[in-house]
Structures are given as structure tokens and as C-alpha cells.
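See below for run-v9.tsv, which holds TSV, N, CA and C atoms.
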chain	number	residue	atom	x	y	z
A	1	GLN	N	31.52	277.35	-105.09
A	1	GLN	CA	32.89	276.93	-104.83
A	1	GLN	C	33.24	277.28	-103.38
A	2	VAL	N	33.69	276.27	-102.67
A	2	VAL	CA	34.04	276.48	-101.27
A	2	VAL	C	35.39	277.18	-101.17
A	3	GLN	N	35.43	278.17	-100.31
A	3	GLN	CA	36.69	278.85	-100.02
A	3	GLN	C	36.87	278.97	-98.51
A	4	LEU	N	38.07	278.68	-98.06
A	4	LEU	CA	38.46	278.85	-96.67
A	4	LEU	C	39.72	279.71	-96.68
A	5	VAL	N	39.62	280.89	-96.11
A	5	VAL	CA	40.72	281.85	-96.15
A	5	VAL	C	41.14	282.18	-94.72
A	6	GLU	N	42.31	281.67	-94.34
A	6	GLU	CA	42.84	281.90	-93.00
A	6	GLU	C	43.73	283.13	-93.00
A	7	SER	N	43.73	283.84	-91.88
A	7	SER	CA	44.57	285.02	-91.74
A	7	SER	C	44.87	285.25	-90.26
A	8	GLY	N	45.78	286.17	-90.01
A	8	GLY	CA	46.09	286.55	-88.64
A	8	GLY	C	47.36	285.98	-88.07
A	9	GLY	N	48.03	285.14	-88.82
A	9	GLY	CA	49.29	284.57	-88.34
A	9	GLY	C	50.41	285.59	-88.33
A	10	GLY	N	51.55	285.16	-87.83
A	10	GLY	CA	52.70	286.05	-87.80
A	10	GLY	C	53.77	285.52	-86.89
A	11	LEU	N	54.75	286.37	-86.63
A	11	LEU	CA	55.85	286.05	-85.73
A	11	LEU	C	55.54	286.66	-84.36
A	12	VAL	N	55.62	285.84	-83.33
A	12	VAL	CA	55.33	286.31	-81.99
A	12	VAL	C	56.31	285.69	-81.02
A	13	GLN	N	56.63	286.40	-79.95
A	13	GLN	CA	57.54	285.87	-78.94
A	13	GLN	C	56.83	284.87	-78.05
A	14	PRO	N	57.57	283.96	-77.45
A	14	PRO	CA	56.95	283.03	-76.49
A	14	PRO	C	56.20	283.81	-75.41
A	15	GLY	N	55.00	283.31	-75.09
A	15	GLY	CA	54.16	283.99	-74.12
A	15	GLY	C	53.20	284.98	-74.75
A	16	GLY	N	53.38	285.26	-76.02
A	16	GLY	CA	52.52	286.22	-76.70
A	16	GLY	C	51.20	285.63	-77.15
A	17	SER	N	50.43	286.46	-77.85
A	17	SER	CA	49.10	286.05	-78.30
A	17	SER	C	48.90	286.40	-79.77
A	18	LEU	N	48.04	285.65	-80.40
A	18	LEU	CA	47.60	285.93	-81.77
A	18	LEU	C	46.14	285.53	-81.90
A	19	ARG	N	45.44	286.21	-82.78
A	19	ARG	CA	44.06	285.83	-83.08
A	19	ARG	C	43.96	285.50	-84.56
A	20	LEU	N	43.64	284.27	-84.83
A	20	LEU	CA	43.49	283.82	-86.21
A	20	LEU	C	42.02	283.93	-86.62
A	21	SER	N	41.83	284.19	-87.91
A	21	SER	CA	40.48	284.24	-88.48
A	21	SER	C	40.41	283.32	-89.69
A	22	CYS	N	39.24	282.79	-89.93
A	22	CYS	CA	39.01	281.97	-91.11
A	22	CYS	C	37.67	282.38	-91.71
A	23	ALA	N	37.73	282.97	-92.88
A	23	ALA	CA	36.52	283.38	-93.59
A	23	ALA	C	36.11	282.26	-94.54
A	24	ALA	N	34.87	281.81	-94.38
A	24	ALA	CA	34.38	280.69	-95.18
A	24	ALA	C	33.31	281.16	-96.15
A	25	SER	N	33.24	280.51	-97.30
A	25	SER	CA	32.20	280.80	-98.28
A	25	SER	C	31.96	279.57	-99.13
A	26	GLY	N	30.80	279.54	-99.78
A	26	GLY	CA	30.49	278.44	-100.67
A	26	GLY	C	29.74	277.29	-100.05
A	27	PHE	N	29.44	277.39	-98.77
A	27	PHE	CA	28.64	276.37	-98.10
A	27	PHE	C	27.87	277.06	-96.96
A	28	THR	N	26.94	276.32	-96.38
A	28	THR	CA	26.10	276.91	-95.32
A	28	THR	C	26.88	276.87	-94.02
A	29	PHE	N	27.60	277.93	-93.76
A	29	PHE	CA	28.51	277.99	-92.62
A	29	PHE	C	27.79	277.76	-91.30
A	30	SER	N	26.61	278.33	-91.16
A	30	SER	CA	25.91	278.27	-89.87
A	30	SER	C	25.53	276.86	-89.45
A	31	THR	N	25.50	275.93	-90.39
A	31	THR	CA	25.14	274.55	-90.07
A	31	THR	C	26.37	273.64	-89.99
A	32	ALA	N	27.54	274.20	-90.17
A	32	ALA	CA	28.76	273.40	-90.19
A	32	ALA	C	29.47	273.41	-88.84
A	33	VAL	N	29.88	272.24	-88.40
A	33	VAL	CA	30.80	272.16	-87.26
A	33	VAL	C	32.18	272.52	-87.81
A	34	MET	N	32.80	273.54	-87.24
A	34	MET	CA	34.06	274.05	-87.76
A	34	MET	C	35.21	273.68	-86.84
A	35	SER	N	36.39	273.60	-87.43
A	35	SER	CA	37.55	273.18	-86.66
A	35	SER	C	38.79	273.90	-87.13
A	36	TRP	N	39.77	273.93	-86.26
A	36	TRP	CA	41.11	274.40	-86.58
A	36	TRP	C	42.06	273.22	-86.50
A	37	TYR	N	43.03	273.21	-87.42
A	37	TYR	CA	44.09	272.22	-87.44
A	37	TYR	C	45.42	272.96	-87.60
A	38	ARG	N	46.50	272.25	-87.39
A	38	ARG	CA	47.80	272.85	-87.65
A	38	ARG	C	48.76	271.78	-88.14
A	39	GLN	N	49.75	272.25	-88.88
A	39	GLN	CA	50.77	271.34	-89.40
A	39	GLN	C	52.14	271.98	-89.22
A	40	ALA	N	52.94	271.36	-88.40
A	40	ALA	CA	54.31	271.82	-88.17
A	40	ALA	C	55.22	271.18	-89.21
A	41	PRO	N	56.37	271.79	-89.46
A	41	PRO	CA	57.31	271.24	-90.46
A	41	PRO	C	57.67	269.79	-90.15
A	42	GLY	N	57.53	268.93	-91.14
A	42	GLY	CA	57.89	267.53	-90.98
A	42	GLY	C	56.90	266.69	-90.21
A	43	LYS	N	55.77	267.28	-89.85
A	43	LYS	CA	54.77	266.54	-89.07
A	43	LYS	C	53.44	266.49	-89.82
A	44	GLU	N	52.59	265.58	-89.38
A	44	GLU	CA	51.26	265.49	-89.97
A	44	GLU	C	50.36	266.60	-89.41
A	45	ARG	N	49.33	266.89	-90.20
A	45	ARG	CA	48.35	267.87	-89.74
A	45	ARG	C	47.63	267.31	-88.51
A	46	GLU	N	47.42	268.16	-87.52
A	46	GLU	CA	46.78	267.69	-86.29
A	46	GLU	C	45.64	268.60	-85.90
A	47	PHE	N	44.69	268.01	-85.22
A	47	PHE	CA	43.52	268.72	-84.73
A	47	PHE	C	43.90	269.68	-83.60
A	48	VAL	N	43.28	270.86	-83.60
A	48	VAL	CA	43.51	271.83	-82.54
A	48	VAL	C	42.23	272.10	-81.74
A	49	ALA	N	41.14	272.41	-82.45
A	49	ALA	CA	39.91	272.76	-81.75
A	49	ALA	C	38.72	272.66	-82.70
A	50	LEU	N	37.54	272.45	-82.14
A	50	LEU	CA	36.34	272.50	-82.94
A	50	LEU	C	35.23	273.21	-82.19
A	51	ILE	N	34.25	273.69	-82.96
A	51	ILE	CA	33.11	274.39	-82.38
A	51	ILE	C	31.87	273.99	-83.16
A	52	THR	N	30.81	273.69	-82.44
A	52	THR	CA	29.57	273.27	-83.07
A	52	THR	C	28.82	274.46	-83.68
A	53	ARG	N	27.72	274.17	-84.29
A	53	ARG	CA	27.03	275.15	-85.14
A	53	ARG	C	26.72	276.46	-84.42
A	54	ALA	N	26.16	276.36	-83.24
A	54	ALA	CA	25.79	277.57	-82.51
A	54	ALA	C	26.83	277.93	-81.45
A	55	GLY	N	27.89	277.18	-81.42
A	55	GLY	CA	28.95	277.48	-80.48
A	55	GLY	C	28.77	276.88	-79.10
A	56	ALA	N	27.74	276.06	-78.94
A	56	ALA	CA	27.48	275.50	-77.62
A	56	ALA	C	28.45	274.38	-77.26
A	57	GLY	N	28.95	273.70	-78.28
A	57	GLY	CA	29.88	272.61	-78.04
A	57	GLY	C	31.26	272.97	-78.55
A	58	ILE	N	32.25	272.80	-77.70
A	58	ILE	CA	33.63	273.14	-78.04
A	58	ILE	C	34.54	272.04	-77.53
A	59	ASN	N	35.56	271.73	-78.31
A	59	ASN	CA	36.52	270.72	-77.91
A	59	ASN	C	37.91	271.18	-78.32
A	60	TYR	N	38.90	270.87	-77.49
A	60	TYR	CA	40.28	271.26	-77.74
A	60	TYR	C	41.20	270.05	-77.65
A	61	SER	N	42.30	270.14	-78.37
A	61	SER	CA	43.36	269.16	-78.17
A	61	SER	C	43.98	269.43	-76.80
A	62	ASP	N	44.69	268.47	-76.29
A	62	ASP	CA	45.34	268.66	-75.00
A	62	ASP	C	46.32	269.82	-75.04
A	63	SER	N	46.99	269.99	-76.16
A	63	SER	CA	48.00	271.06	-76.25
A	63	SER	C	47.35	272.44	-76.30
A	64	ALA	N	46.12	272.52	-76.75
A	64	ALA	CA	45.43	273.81	-76.87
A	64	ALA	C	44.61	274.16	-75.63
A	65	LYS	N	44.23	273.16	-74.90
A	65	LYS	CA	43.35	273.37	-73.74
A	65	LYS	C	43.95	274.33	-72.74
A	66	GLY	N	43.16	275.32	-72.35
A	66	GLY	CA	43.59	276.29	-71.36
A	66	GLY	C	44.35	277.47	-71.93
A	67	ARG	N	44.75	277.39	-73.19
A	67	ARG	CA	45.49	278.50	-73.81
A	67	ARG	C	44.79	279.08	-75.03
A	68	PHE	N	44.08	278.24	-75.78
A	68	PHE	CA	43.42	278.69	-77.01
A	68	PHE	C	41.91	278.77	-76.79
A	69	ILE	N	41.29	279.68	-77.52
A	69	ILE	CA	39.83	279.81	-77.46
A	69	ILE	C	39.29	279.88	-78.88
A	70	ILE	N	38.41	278.95	-79.21
A	70	ILE	CA	37.76	278.96	-80.52
A	70	ILE	C	36.40	279.64	-80.40
A	71	SER	N	36.05	280.41	-81.42
A	71	SER	CA	34.74	281.06	-81.44
A	71	SER	C	34.31	281.22	-82.89
A	72	ARG	N	33.09	281.62	-83.07
A	72	ARG	CA	32.59	281.80	-84.43
A	72	ARG	C	31.57	282.92	-84.46
A	73	ASP	N	31.42	283.51	-85.67
A	73	ASP	CA	30.41	284.53	-85.92
A	73	ASP	C	29.67	284.08	-87.17
A	74	ASN	N	28.50	283.48	-86.98
A	74	ASN	CA	27.77	282.94	-88.13
A	74	ASN	C	27.28	284.05	-89.07
A	75	ALA	N	27.10	285.24	-88.56
A	75	ALA	CA	26.68	286.35	-89.43
A	75	ALA	C	27.80	286.77	-90.38
A	76	LYS	N	29.03	286.49	-89.98
A	76	LYS	CA	30.18	286.85	-90.82
A	76	LYS	C	30.83	285.63	-91.48
A	77	ASN	N	30.23	284.46	-91.26
A	77	ASN	CA	30.81	283.22	-91.82
A	77	ASN	C	32.29	283.08	-91.47
A	78	THR	N	32.60	283.34	-90.23
A	78	THR	CA	34.00	283.37	-89.79
A	78	THR	C	34.16	282.60	-88.49
A	79	VAL	N	35.24	281.84	-88.43
A	79	VAL	CA	35.62	281.16	-87.20
A	79	VAL	C	36.98	281.72	-86.76
A	80	TYR	N	37.14	281.85	-85.45
A	80	TYR	CA	38.34	282.47	-84.89
A	80	TYR	C	39.08	281.49	-83.98
A	81	LEU	N	40.35	281.76	-83.80
A	81	LEU	CA	41.15	281.04	-82.82
A	81	LEU	C	42.02	282.05	-82.08
A	82	GLN	N	41.66	282.31	-80.85
A	82	GLN	CA	42.47	283.18	-79.99
A	82	GLN	C	43.53	282.31	-79.34
A	83	MET	N	44.77	282.62	-79.56
A	83	MET	CA	45.87	281.81	-79.03
A	83	MET	C	46.66	282.65	-78.04
A	84	ASN	N	46.72	282.20	-76.81
A	84	ASN	CA	47.43	282.89	-75.74
A	84	ASN	C	48.56	282.02	-75.22
A	85	SER	N	49.47	282.65	-74.49
A	85	SER	CA	50.60	281.93	-73.88
A	85	SER	C	51.28	281.02	-74.91
A	86	LEU	N	51.57	281.58	-76.05
A	86	LEU	CA	52.13	280.79	-77.14
A	86	LEU	C	53.52	280.26	-76.80
A	87	LYS	N	53.79	279.05	-77.31
A	87	LYS	CA	55.05	278.37	-77.08
A	87	LYS	C	55.72	278.09	-78.42
A	88	PRO	N	57.03	277.90	-78.43
A	88	PRO	CA	57.70	277.57	-79.69
A	88	PRO	C	57.10	276.35	-80.39
A	89	GLU	N	56.60	275.41	-79.63
A	89	GLU	CA	56.02	274.21	-80.23
A	89	GLU	C	54.67	274.46	-80.89
A	90	ASP	N	54.14	275.66	-80.74
A	90	ASP	CA	52.92	276.03	-81.45
A	90	ASP	C	53.21	276.49	-82.88
A	91	THR	N	54.48	276.62	-83.22
A	91	THR	CA	54.86	277.03	-84.56
A	91	THR	C	54.35	276.04	-85.59
A	92	ALA	N	53.57	276.53	-86.53
A	92	ALA	CA	52.93	275.66	-87.53
A	92	ALA	C	52.15	276.53	-88.51
A	93	VAL	N	51.69	275.90	-89.55
A	93	VAL	CA	50.69	276.52	-90.42
A	93	VAL	C	49.33	276.08	-89.90
A	94	TYR	N	48.45	277.05	-89.68
A	94	TYR	CA	47.14	276.78	-89.11
A	94	TYR	C	46.07	276.85	-90.21
A	95	TYR	N	45.19	275.87	-90.17
A	95	TYR	CA	44.12	275.74	-91.16
A	95	TYR	C	42.78	275.60	-90.45
A	96	CYS	N	41.73	276.04	-91.14
A	96	CYS	CA	40.39	275.74	-90.67
A	96	CYS	C	39.69	274.85	-91.69
A	97	ASN	N	38.66	274.18	-91.24
A	97	ASN	CA	37.86	273.36	-92.15
A	97	ASN	C	36.59	272.94	-91.42
A	98	ALA	N	35.63	272.50	-92.19
A	98	ALA	CA	34.45	271.89	-91.60
A	98	ALA	C	34.81	270.46	-91.21
A	99	ILE	N	34.06	269.93	-90.26
A	99	ILE	CA	34.31	268.56	-89.83
A	99	ILE	C	33.77	267.56	-90.86
A	100	SER	N	32.54	267.79	-91.29
A	100	SER	CA	31.93	266.87	-92.24
A	100	SER	C	30.88	267.61	-93.06
A	101	PRO	N	31.02	267.69	-94.37
A	101	PRO	CA	32.13	267.16	-95.12
A	101	PRO	C	33.40	267.99	-94.92
A	102	ARG	N	34.51	267.37	-95.20
A	102	ARG	CA	35.79	268.07	-95.15
A	102	ARG	C	36.05	268.64	-96.54
A	103	TYR	N	36.25	269.95	-96.61
A	103	TYR	CA	36.46	270.62	-97.88
A	103	TYR	C	37.96	270.69	-98.21
A	104	SER	N	38.25	271.16	-99.40
A	104	SER	CA	39.65	271.35	-99.76
A	104	SER	C	40.30	272.36	-98.83
A	105	TRP	N	41.51	272.11	-98.45
A	105	TRP	CA	42.20	272.99	-97.50
A	105	TRP	C	42.54	274.32	-98.13
A	106	GLY	N	42.47	275.38	-97.34
A	106	GLY	CA	42.92	276.68	-97.77
A	106	GLY	C	44.43	276.76	-97.72
A	107	GLN	N	44.93	277.97	-97.85
A	107	GLN	CA	46.39	278.15	-97.86
A	107	GLN	C	46.98	278.15	-96.46
A	108	GLY	N	46.13	278.29	-95.47
A	108	GLY	CA	46.61	278.34	-94.09
A	108	GLY	C	47.26	279.67	-93.75
A	109	THR	N	47.57	279.84	-92.48
A	109	THR	CA	48.27	281.03	-92.03
A	109	THR	C	49.42	280.59	-91.13
A	110	GLN	N	50.60	281.13	-91.38
A	110	GLN	CA	51.81	280.71	-90.67
A	110	GLN	C	51.88	281.39	-89.30
A	111	VAL	N	52.09	280.59	-88.28
A	111	VAL	CA	52.34	281.09	-86.93
A	111	VAL	C	53.74	280.65	-86.53
A	112	THR	N	54.57	281.62	-86.18
A	112	THR	CA	55.93	281.32	-85.74
A	112	THR	C	56.13	281.92	-84.36
A	113	VAL	N	56.47	281.06	-83.41
A	113	VAL	CA	56.70	281.51	-82.04
A	113	VAL	C	58.18	281.37	-81.76
A	114	SER	N	58.84	282.50	-81.63
A	114	SER	CA	60.28	282.48	-81.46
A	114	SER	C	60.75	283.78	-80.83
A	115	SER	N	61.81	283.68	-80.06
A	115	SER	CA	62.40	284.88	-79.48
A	115	SER	C	63.54	285.39	-80.36
Any chance you could give the structure as C-alpha cells?
Amino acid sequence: QVQLVESGGGLVQPGGSLRLSCAASGFTFSTAVMSWYRQAPGKEREFVALITRAGAGINYSDSAKGRFIISRDNAKNTVYLQMNSLKPEDTAVYYCNAISPRYSWGQGTQVTVSS
């Protein structure tokens, strides 16, 4: 059974930082291209970042580029998202998932950027 468990969200002031984690199980994590997505209230889920199997290939959305850093630890079956210089528009529930196949979504972790 595939499980994706996101954590690390919280309330942070504009300009602050958070590090999200996603612990994966039930599939061969080391061979999966992993990604982060987010969904703000009233909006569709959107892509944030992805990282290839060994971490050599990384891609970011325009909104994440230059502020967020995706990484992974295949020994721990975990993918991370370091988020810096956070803005109120980054407020959303953040999810991780594999690119292909796409598994059932986890519960996500809430990130709220507000003063």
C-alpha cells in the first residue's frame, strides 16, 4: 500500500523559511521521479518542483524558482522542499507525489504565510 506522508508545514511570516518533508512507502522510491504540488483555497492543485531519481535533474515552477529547493534522500525514502523568502501567495496545502505513476494523494501539509 502506497503512503505519502507530508510534514513540516506551519505558520510563518513573510520572508521566512520552512522545510517540508514527504516520507514515502509502498513503492520503489529510488526509481521514482518525485514532485511537490500545492493547492491554495479555491484554486486547482499546481506543480511546484520535481526531482529525478538520483537528483541530477530538477525543475521548478516559475513561482518557486530561486526561492525553493527540492532534494531527496533515497536511503530514507524521503523528498524535501526547502522554502525560503516565503510570500503570502505561497499559502497552500503542499503535497508530494511520484510523477508516473501518480499515486493517491496524501493528506498534505498546510503552509500559511502571514504577518
Using the file's own x, y and z axes, what box holds all listed atoms of stretch 66-74 of chain A with 6 Å on each side, keeping edges along x, y and z, and what are its centre and edge lengths in Å to one decimal, as JSON?
{"center_x": 36.4, "center_y": 279.9, "center_z": -80.2, "size_x": 30.2, "size_y": 21.2, "size_z": 29.7}
Skipping near chain neighbours, those fewer than 2 positions away, what residues fall within 7 Å of A:Phe29 using only N, CA and C atoms, listed as an mmCIF file with N, CA and C atoms, keeping the file's coordinate frame?
data_model
loop_
_atom_site.group_PDB
_atom_site.id
_atom_site.type_symbol
_atom_site.label_atom_id
_atom_site.label_comp_id
_atom_site.auth_asym_id
_atom_site.auth_seq_id
_atom_site.Cartn_x
_atom_site.Cartn_y
_atom_site.Cartn_z
ATOM 1 N N ALA A 24 34.870 281.810 -94.380
ATOM 2 C CA ALA A 24 34.380 280.690 -95.180
ATOM 3 C C ALA A 24 33.310 281.160 -96.150
ATOM 4 N N GLY A 26 30.800 279.540 -99.780
ATOM 5 C CA GLY A 26 30.490 278.440 -100.670
ATOM 6 C C GLY A 26 29.740 277.290 -100.050
ATOM 7 N N PHE A 27 29.440 277.390 -98.770
ATOM 8 C CA PHE A 27 28.640 276.370 -98.100
ATOM 9 C C PHE A 27 27.870 277.060 -96.960
ATOM 10 N N THR A 31 25.500 275.930 -90.390
ATOM 11 C CA THR A 31 25.140 274.550 -90.070
ATOM 12 C C THR A 31 26.370 273.640 -89.990
ATOM 13 N N ALA A 32 27.540 274.200 -90.170
ATOM 14 C CA ALA A 32 28.760 273.400 -90.190
ATOM 15 C C ALA A 32 29.470 273.410 -88.840
ATOM 16 N N VAL A 33 29.880 272.240 -88.400
ATOM 17 C CA VAL A 33 30.800 272.160 -87.260
ATOM 18 C C VAL A 33 32.180 272.520 -87.810
ATOM 19 N N ARG A 53 27.720 274.170 -84.290
ATOM 20 C CA ARG A 53 27.030 275.150 -85.140
ATOM 21 C C ARG A 53 26.720 276.460 -84.420
ATOM 22 N N ASN A 74 28.500 283.480 -86.980
ATOM 23 C CA ASN A 74 27.770 282.940 -88.130
ATOM 24 C C ASN A 74 27.280 284.050 -89.070
ATOM 25 N N ASN A 77 30.230 284.460 -91.260
ATOM 26 C CA ASN A 77 30.810 283.220 -91.820
ATOM 27 C C ASN A 77 32.290 283.080 -91.470
#
**OP:** Work out how far atom N of A:Ile58 is from atom CA of A:Thr112, in Å to one decimal.
**Re:**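 Answer for the atom CA of A:Thr112 to atom N of A:Ile58 separation: 26.4 Å.
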Subject >> Atomic separation - atom N of A:Gly9 relative to atom CA of A:Ser21, Å >> reply: 7.6 Å
Original post:
So which one's closest to A:Tyr95, A:Gly16, A:Gly8, A:Gly55, A:Gly108? Using all atoms listed in the file, please.
Top reply: A:Gly108
Atoms added to stretch 61-83 of chain A (N, CA, C and O atoms), reported as an mmCIF file, in the coordinates of the input:
data_model
loop_
_atom_site.group_PDB
_atom_site.id
_atom_site.type_symbol
_atom_site.label_atom_id
_atom_site.label_comp_id
_atom_site.auth_asym_id
_atom_site.auth_seq_id
_atom_site.Cartn_x
_atom_site.Cartn_y
_atom_site.Cartn_z
ATOM 1 N N SER A 61 42.300 270.140 -78.370
ATOM 2 C CA SER A 61 43.360 269.160 -78.170
ATOM 3 C C SER A 61 43.980 269.430 -76.800
ATOM 4 O O SER A 61 43.825 270.517 -76.225
ATOM 5 N N ASP A 62 44.690 268.470 -76.290
ATOM 6 C CA ASP A 62 45.340 268.660 -75.000
ATOM 7 C C ASP A 62 46.320 269.820 -75.040
ATOM 8 O O ASP A 62 46.460 270.568 -74.061
ATOM 9 N N SER A 63 46.990 269.990 -76.160
ATOM 10 C CA SER A 63 48.000 271.060 -76.250
ATOM 11 C C SER A 63 47.350 272.440 -76.300
ATOM 12 O O SER A 63 47.980 273.429 -75.934
ATOM 13 N N ALA A 64 46.120 272.520 -76.750
ATOM 14 C CA ALA A 64 45.430 273.810 -76.870
ATOM 15 C C ALA A 64 44.610 274.160 -75.630
ATOM 16 O O ALA A 64 44.339 275.344 -75.375
ATOM 17 N N LYS A 65 44.230 273.160 -74.900
ATOM 18 C CA LYS A 65 43.350 273.370 -73.740
ATOM 19 C C LYS A 65 43.950 274.330 -72.740
ATOM 20 O O LYS A 65 45.122 274.214 -72.368
ATOM 21 N N GLY A 66 43.160 275.320 -72.350
ATOM 22 C CA GLY A 66 43.590 276.290 -71.360
ATOM 23 C C GLY A 66 44.350 277.470 -71.930
ATOM 24 O O GLY A 66 44.594 278.449 -71.220
ATOM 25 N N ARG A 67 44.750 277.390 -73.190
ATOM 26 C CA ARG A 67 45.490 278.500 -73.810
ATOM 27 C C ARG A 67 44.790 279.080 -75.030
ATOM 28 O O ARG A 67 44.912 280.265 -75.309
ATOM 29 N N PHE A 68 44.080 278.240 -75.780
ATOM 30 C CA PHE A 68 43.420 278.690 -77.010
ATOM 31 C C PHE A 68 41.910 278.770 -76.790
ATOM 32 O O PHE A 68 41.346 278.006 -75.992
ATOM 33 N N ILE A 69 41.290 279.680 -77.520
ATOM 34 C CA ILE A 69 39.830 279.810 -77.460
ATOM 35 C C ILE A 69 39.290 279.880 -78.880
ATOM 36 O O ILE A 69 39.678 280.767 -79.645
ATOM 37 N N ILE A 70 38.410 278.950 -79.210
ATOM 38 C CA ILE A 70 37.760 278.960 -80.520
ATOM 39 C C ILE A 70 36.400 279.640 -80.400
ATOM 40 O O ILE A 70 35.706 279.480 -79.382
ATOM 41 N N SER A 71 36.050 280.410 -81.420
ATOM 42 C CA SER A 71 34.740 281.060 -81.440
ATOM 43 C C SER A 71 34.310 281.220 -82.890
ATOM 44 O O SER A 71 35.092 280.977 -83.802
ATOM 45 N N ARG A 72 33.090 281.620 -83.070
ATOM 46 C CA ARG A 72 32.590 281.800 -84.430
ATOM 47 C C ARG A 72 31.570 282.920 -84.460
ATOM 48 O O ARG A 72 30.912 283.230 -83.465
ATOM 49 N N ASP A 73 31.420 283.510 -85.670
ATOM 50 C CA ASP A 73 30.410 284.530 -85.920
ATOM 51 C C ASP A 73 29.670 284.080 -87.170
ATOM 52 O O ASP A 73 30.175 284.244 -88.291
ATOM 53 N N ASN A 74 28.500 283.480 -86.980
ATOM 54 C CA ASN A 74 27.770 282.940 -88.130
ATOM 55 C C ASN A 74 27.280 284.050 -89.070
ATOM 56 O O ASN A 74 27.067 283.800 -90.253
ATOM 57 N N ALA A 75 27.100 285.240 -88.560
ATOM 58 C CA ALA A 75 26.680 286.350 -89.430
ATOM 59 C C ALA A 75 27.800 286.770 -90.380
ATOM 60 O O ALA A 75 27.524 287.307 -91.455
ATOM 61 N N LYS A 76 29.030 286.490 -89.980
ATOM 62 C CA LYS A 76 30.180 286.850 -90.820
ATOM 63 C C LYS A 76 30.830 285.630 -91.480
ATOM 64 O O LYS A 76 31.864 285.754 -92.143
ATOM 65 N N ASN A 77 30.230 284.460 -91.260
ATOM 66 C CA ASN A 77 30.810 283.220 -91.820
ATOM 67 C C ASN A 77 32.290 283.080 -91.470
ATOM 68 O O ASN A 77 33.118 282.721 -92.321
ATOM 69 N N THR A 78 32.600 283.340 -90.230
ATOM 70 C CA THR A 78 34.000 283.370 -89.790
ATOM 71 C C THR A 78 34.160 282.600 -88.490
ATOM 72 O O THR A 78 33.328 282.711 -87.587
ATOM 73 N N VAL A 79 35.240 281.840 -88.430
ATOM 74 C CA VAL A 79 35.620 281.160 -87.200
ATOM 75 C C VAL A 79 36.980 281.720 -86.760
ATOM 76 O O VAL A 79 37.818 282.061 -87.603
ATOM 77 N N TYR A 80 37.140 281.850 -85.450
ATOM 78 C CA TYR A 80 38.340 282.470 -84.890
ATOM 79 C C TYR A 80 39.080 281.490 -83.980
ATOM 80 O O TYR A 80 38.503 280.541 -83.449
ATOM 81 N N LEU A 81 40.350 281.760 -83.800
ATOM 82 C CA LEU A 81 41.150 281.040 -82.820
ATOM 83 C C LEU A 81 42.020 282.050 -82.080
ATOM 84 O O LEU A 81 42.958 282.589 -82.665
ATOM 85 N N GLN A 82 41.660 282.310 -80.850
ATOM 86 C CA GLN A 82 42.470 283.180 -79.990
ATOM 87 C C GLN A 82 43.530 282.310 -79.340
ATOM 88 O O GLN A 82 43.181 281.352 -78.626
ATOM 89 N N MET A 83 44.770 282.620 -79.560
ATOM 90 C CA MET A 83 45.870 281.810 -79.030
ATOM 91 C C MET A 83 46.660 282.650 -78.040
ATOM 92 O O MET A 83 47.204 283.704 -78.404
#
